[in-house]
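**Student:** Take this structure first; my questions come after.
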Amino acid sequence: MAGELEGKVSIITGGGSGMGRSSALMFAREGAAVAIADVNDEGGEQVAAQIEDSGGNALFVHTDTSSEADVLNVVSKTVEKFGRLDSMVTAAGISYANYVEGDEATDPFLHPETATILNKPTERWQKVIDVNLTGVMLCAREAARQMVAEGHGGTIVNFSSIAAYGPSPGIMDYCVAKVGVVMLTRCFAVEFGPHGIRVNAVAPGPIDTPMTASLQRTGALQQQSGALPLGRMAQPEEVAEAVLFFTSDRSSYVTGKTLGVDGGTNTV
Amino acid sequence: MAGELEGKVSIVTGGGSGMGRSTALMFAREGSAVAIADVNDEGGEQVAAQIEDSGGNALFMHTDVSSEQDVLNVVAETAAKFGRLDSMVTAAGISYARYVEGDDETDPFLHPELATNLNKPTEAWQKVIDVNLTGVMLCAREAARQMVNEGHGGTIVNFASINAYNPSPILTDYSVSKAGVVMLTRCFAVEFGPHGIRVNAVAPGPIETPMLARVHRAQVSGGDPWGNVPLQRTAQPEEVAEAVLFLTSDRSSYVTGKTLGVDGGISTV
Ligand SMILES: NC(=O)c1ccc[n+]([C@@H]2O[C@H](COP(=O)([O-])OP(=O)(O)OC[C@H]3O[C@@H](n4cnc5c(N)ncnc54)[C@H](O)[C@@H]3O)[C@@H](O)[C@H]2O)c1
Ligand SMILES: NC(=O)c1ccc[n+]([C@@H]2O[C@H](COP(=O)([O-])OP(=O)(O)OC[C@H]3O[C@@H](n4cnc5c(N)ncnc54)[C@H](O)[C@@H]3O)[C@@H](O)[C@H]2O)c1
């Protein structure tokens, strides 16, 4: 049986780790050529190599999604190599400002006192908004521009979070960015629907990825997810399945929606 | 490749028409045995026969979902015939009180003046709430009871509507019943999550089924009535059935308590 994305071309930001990585591998298995856009060169190269090794088509492009030039670059590199663009997945994200560098001294979960609204410096807010909100806007917009120019429609799947619905101390910037992604998704759906471009989002709950490693070390994530209706955290593949659903024709009449993949977290 | 629901047993209410029918056929294609519960004997029998004819397993049970006894019967009969229950889909619904009888005089789309809150009789409200809300509760509850007893988890997918979010003056009863389904879905998800039972809903927009045909019929011409839908069209029932299948299959293993709009982008949540 042919894969669900046979002949399609996708860009996956944050494809070098966690849920972006799972989505990239799943999309490749379903027949899509995948461009991985990440600041994480090691992870991104590794995922691209893994796809190529299993007979798929992949490309890694070092990309900071908060840089307009980088985003333009990955879109044009992808189209140059694979001839078209059908799908964008914006999984790149950070939970706190120095996240990518892994600087735990600024981890709001480990040092809540430095991360209160009163104490967190403006630059950290700015960094989280730049990557998690403006970065999503840039990637979604440039993908939509390309798809409109190609004239065949397409799909965009953004990454929001349960944090979009539940204010959480220490990550005010993150919560605000993620609720922005919910509305951005709706606005894009309205503008690009007539072009046959569907735009949806997933809002993951606690997922077992490097992003939650410090929370898992303290036991906080296990405690939080144990209290959920499904009583556990999830593997990144469980979110990738929802991303695949939104990308495939199976969701042909779904647009503007944010689906919680969260074990029953009390949201909408 | 094996189907996604191989070895599973499902009940689909309203399986004799529209989206319930599409769901029943799709589930059967994916390997599930399907019990069709409907007041519409002709439609229900026909769908069951179609499934059997293509080599699947099906059962039709005349069922009024607003009758507790009927719901108990269909669950018992299904478990007796197919040995278990894994999934319940509650697609049975009516858009206005006498829908099943097809009495045009009470069609709110043809006679909006009769359907305002000031003018609609209490029985009309009661009937819509009985079928669309209490009926969903009964079916979901009895399915959950059966699944808890069997001890292997399962899924429930309810049918809400975009009207759950958008008030429609001639469809107060309908809109309220559907908003209730959204909350019922969340309440059930919380209670049954620990049993491994996931409970979700779909909220369809304008879908080309007999239900929508009545809206079309009443539409006074002029302009494209779906021009405000971002995807600029209505949808086929199969497009909703795909979402029901997603929420029933293991592909949605961490999704529960959610209502997914399948509505072409109509502004909801
Ligand atoms: N893990 C969770 O529990 C959880 C919950 C809700 C939402 N999310 C969201 O899901 C998405 C994926 O998270 P994950 O858990 O897989 O995290 P992850 O840390 O495993 O992966 C995120 C990837 O994004 C990349 N990235 C970060 N900043 C970037 C930038 N400026 N440009 C390009 N790439 C960048 C990182 O290098 C990394 O490879 C994120 O948007 C995150 O906010 C995660
Ligand atoms: N068609 C739409 O545009 C639309 C939009 C939003 C929501 N919905 C909802 O989707 C569901 C399916 O609707 P459809 O469009 O497929 O409608 P439909 O009229 O084609 O099918 C509904 C089925 O439910 C059955 N039914 C009605 N009352 C029943 C009862 N008391 N007990 C058992 N069966 C009963 C009918 O006999 C029929 O077979 C309904 O809940 C409806 O409210 C429909």
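So you can find residues: chains in the structure tokens are A, B, ... in the order shown, residues in each start at 1, and ligands are numbered from 1 in order.
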Using only C-alpha atoms, which chain B residues lie at most 8 Å away from chain A, written as a PyMOL selection string?
**Tutor:** chain B and resi 1+186+189-194+196+230-232+235+239-240+242-243+246+251-265+267+269
**Student:** With only C-alpha atoms as the counted atoms, please give the residues lying no more than 7 Å from range 5-8 of chain A, apart from itself and same-chain residues fewer than 3 positions off, as a VMD selection string.
**Tutor:** chain A and resid 2 27 30 to 33 86 248
**Student:** May I ask you to write as JSON, numbers by chain all residues lying at most 7 Å from ligand 1, with only C-alpha atoms and all ligand atoms counted?
**Tutor:** {"A": [13, 14, 15, 16, 17, 18, 19, 20, 37, 38, 39, 40, 43, 63, 64, 65, 66, 91, 92, 93, 94, 95, 100, 131, 132, 159, 160, 161, 162, 163, 203, 204, 205, 206, 207, 208, 209, 210, 211, 212]}
**Student:** What residues of the protein or nucleic acid chains come within 8 Å of ligand 2 when you use only C-alpha atoms and all ligand atoms? Reply as a VMD selection string.
**Tutor:** chain B and resid 13 to 21 37 to 41 43 to 44 62 to 67 90 to 95 99 to 100 130 to 132 135 159 to 163 174 178 203 to 212 237
**Student:** Would you kindly return, as a compact mmCIF listing (two decimals) with N, CA, C and O atoms, in the first residue's frame, each protein, DNA or RNA residue with an atom no farther than 6 Å from any atom of Asn158 in chain A, considering only C-alpha atoms and excluding same-chain residues fewer than 6 positions away?
**Tutor:**
# COMPACT_ATOMS: atom_id res chain seq x y z
N VAL A 89 5.42 21.81 8.93
CA VAL A 89 5.15 21.47 10.33
C VAL A 89 6.09 22.32 11.18
O VAL A 89 7.31 22.25 11.02
N THR A 90 5.52 23.13 12.05
CA THR A 90 6.36 24.05 12.83
C THR A 90 6.52 23.52 14.27
O THR A 90 5.90 24.00 15.20
N ALA A 201 -3.39 22.96 14.24
CA ALA A 201 -2.33 22.88 15.25
C ALA A 201 -2.58 21.70 16.17
O ALA A 201 -3.71 21.22 16.30
**Student:** Looking at only C-alpha atoms, which of B:Val74, B:Ile170, B:Leu5, B:Met137 is the one that sits closest to Ser249 in chain B?
**Tutor:**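 Closest residue, counting only C-alpha atoms: B:Leu5.
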**Student:** If DSSP is run on the backbone, what residues of range 4-235 of chain A are helix (DSSP H, G or I)? A reply as an MDAnalysis selection string would be ideal.
**Tutor:** chainID A and resid 18:29 41:53 68:82 104:106 112:115 122:150 162:164 172:195 210:217 220:226
**Student:** Determine, counting only C-alpha atoms, which protein, DNA and RNA residues have an atom within 7 Å of an atom of Ala164 in chain A; residues of the same chain fewer than 6 positions away are not included. Present the result as an mmCIF file with N, CA and C atoms, in the first residue's frame.
**Tutor:**
data_model
loop_
_atom_site.group_PDB
_atom_site.id
_atom_site.type_symbol
_atom_site.label_atom_id
_atom_site.label_comp_id
_atom_site.auth_asym_id
_atom_site.auth_seq_id
_atom_site.Cartn_x
_atom_site.Cartn_y
_atom_site.Cartn_z
ATOM 1 N N CYS A 175 3.467 30.487 27.665
ATOM 2 C CA CYS A 175 1.998 30.384 27.603
ATOM 3 C C CYS A 175 1.430 31.390 26.609
ATOM 4 N N VAL A 176 1.933 32.610 26.661
ATOM 5 C CA VAL A 176 1.418 33.656 25.780
ATOM 6 C C VAL A 176 1.760 33.329 24.324
ATOM 7 N N LYS A 178 2.187 30.379 23.027
ATOM 8 C CA LYS A 178 1.428 29.208 22.569
ATOM 9 C C LYS A 178 -0.045 29.530 22.333
ATOM 10 N N VAL A 179 -0.622 30.427 23.133
ATOM 11 C CA VAL A 179 -2.007 30.810 22.848
ATOM 12 C C VAL A 179 -2.039 31.671 21.586
#
